[in-house]
$ cat protein-v3.txt   # compact mmCIF, C-alpha atoms
# COMPACT_ATOMS: atom_id res chain seq x y z
CA MET A 1 0.89 -13.75 -6.77
CA GLU A 2 2.15 -12.02 -3.67
CA LEU A 3 3.14 -8.36 -3.63
CA ASN A 4 6.50 -7.35 -2.27
CA ALA A 5 7.26 -4.21 -0.25
CA ASN A 6 8.12 -2.14 -3.36
CA ASP A 7 4.84 -3.11 -5.01
CA MET A 8 2.89 -2.18 -1.88
CA ARG A 9 4.58 1.24 -1.72
CA ALA A 10 3.82 1.84 -5.40
CA LEU A 11 0.16 0.89 -4.86
CA GLU A 12 -0.11 3.18 -1.86
CA SER A 13 1.42 6.04 -3.84
CA LEU A 14 -0.98 5.46 -6.72
CA GLU A 15 -3.98 5.35 -4.39
CA GLN A 16 -2.92 8.65 -2.79
CA LYS A 17 -2.71 10.29 -6.21
CA LEU A 18 -6.09 8.90 -7.27
CA ALA A 19 -7.62 10.12 -4.00
CA VAL A 20 -6.42 13.65 -4.82
CA ILE A 21 -8.06 13.41 -8.26
CA ARG A 22 -11.32 12.18 -6.71
CA ASP A 23 -11.27 15.03 -4.18
CA ARG A 24 -10.66 17.62 -6.90
CA VAL A 25 -13.49 16.22 -9.03
CA ARG A 26 -15.83 16.37 -6.02
CA GLY A 27 -14.72 19.99 -5.53
CA VAL A 28 -15.82 20.83 -9.06
CA VAL A 29 -19.10 18.95 -8.60
CA SER A 30 -19.85 20.86 -5.39
CA ARG A 31 -18.84 24.14 -7.10
CA HIS A 32 -15.96 24.80 -4.73
CA ALA A 33 -13.75 24.94 -7.84
CA ASN A 34 -14.48 26.16 -11.36
CA GLY A 35 -12.76 23.31 -13.13
CA LEU A 36 -9.98 20.80 -13.26
CA TYR A 37 -7.19 20.42 -15.79
CA LEU A 38 -5.79 16.92 -15.56
CA CYS A 39 -2.86 15.81 -17.67
CA GLY A 40 -0.44 12.92 -17.68
CA ARG A 41 0.75 9.87 -19.52
CA PRO A 42 -1.87 7.78 -21.33
CA GLY A 43 -3.22 4.73 -19.55
CA THR A 44 -2.71 5.94 -15.99
CA SER A 45 -6.41 5.84 -15.01
CA LYS A 46 -7.10 9.58 -15.26
CA SER A 47 -10.31 9.39 -17.29
CA PHE A 48 -11.49 6.25 -15.52
CA THR A 49 -11.06 7.86 -12.10
CA VAL A 50 -12.86 11.05 -13.12
CA ARG A 51 -15.73 9.19 -14.78
CA THR A 52 -16.26 6.73 -11.91
CA THR A 53 -16.20 9.62 -9.43
CA LEU A 54 -18.78 11.56 -11.46
CA GLU A 55 -20.98 8.48 -11.68
CA ALA A 56 -20.68 7.90 -7.92
CA GLU A 57 -21.80 11.51 -7.40
CA ASN A 58 -24.76 10.98 -9.79
CA CYS A 59 -23.61 13.80 -12.06
CA LEU A 60 -24.56 14.29 -15.65
CA TYR A 61 -21.47 14.75 -17.78
CA HIS A 62 -20.33 14.64 -21.37
CA PHE A 63 -17.19 12.66 -22.17
CA HIS A 64 -15.16 13.79 -25.15
CA ASP A 65 -12.14 11.65 -25.92
CA GLY A 66 -9.40 13.35 -27.85
CA HIS A 67 -7.09 16.32 -28.08
CA LEU A 68 -8.17 19.63 -26.57
CA THR A 69 -6.86 22.81 -28.12
CA PRO A 70 -6.14 25.92 -26.04
CA MET A 71 -9.17 27.61 -27.62
CA GLY A 72 -11.32 24.58 -26.82
CA LEU A 73 -10.18 24.75 -23.20
CA PHE A 74 -11.10 28.45 -23.10

$ encode --input "protein-v3.txt" --output "structure tokens"
Amino acid sequence: MELNANDMRALESLEQKLAVIRDRVRGVVSRHANGLYLCGRPGTSKSFTVRTTLEAENCLYHFHDGHLTPMGLF
């Protein structure tokens, strides 16, 4: 299947957004930032991108899937 120009633009836009997420995660890992609050529609590769970036950086992390309350975030 060949991608058309609109598909290519959409892929480039997605890759730019994922690159920002990876950069922010690396900022937290290197302690340049205290944390990262990432929200968005389900199924848009947020958790996958964060987890693969943490694994690439050889970081220990705990993944908790589910709803986070304001008190839990605090």

$ closest_atom_pairs --input "protein-v3.txt" --of "stretch 10-31 of chain A" --to "stretch 1-6 of chain A" --cutoff "12 Å" --atoms "only C-alpha atoms" --output "tab-separated table"
residue	atom	partner	partner_atom	distance
A:Ala10	CA	A:Asn6	CA	6.2
A:Leu11	CA	A:Asn6	CA	8.6
A:Glu12	CA	A:Asn6	CA	9.9
A:Ser13	CA	A:Asn6	CA	10.6

$ closest_residue --input "protein-v3.txt" --among "A:Cys39, A:Leu14, A:Arg24, A:Arg51" --to "A:Phe63" --atoms "all atoms listed in the file"
A:Arg51

$ atom_distance --input "protein-v3.txt" --atom1 "atom CA of A:Gly27" --atom2 "atom CA of A:Pro70"
23.0 Å

$ atom_distance --input "protein-v3.txt" --atom1 "atom CA of A:Ser45" --atom2 "atom CA of A:Asp7"
17.5 Å

$ atom_distance --input "protein-v3.txt" --atom1 "atom CA of A:Glu15" --atom2 "atom CA of A:Lys46"
12.1 Å

$ closest_residue --input "protein-v3.txt" --among "A:Val20, A:Ser47, A:Leu36, A:Leu54" --to "A:Gly66" --atoms "all atoms listed in the file"
A:Ser47

$ residues_around --input "protein-v3.txt" --residues "A:Tyr37" --least-positions-apart "3" --cutoff "12 Å" --atoms "only C-alpha atoms" --output "ChimeraX atom specification"
/A:21,24-25,28,33-34,40,46-47,50,68,70,73-74

$ axis_aligned_box --input "protein-v3.txt" --around "stretch 31-44 of chain A" --padding-each-side "6 Å" --output "AutoDock Vina command-line options"
--center_x -9.0 --center_y 15.4 --center_z -13.0 --size_x 31.6 --size_y 33.4 --size_z 28.6
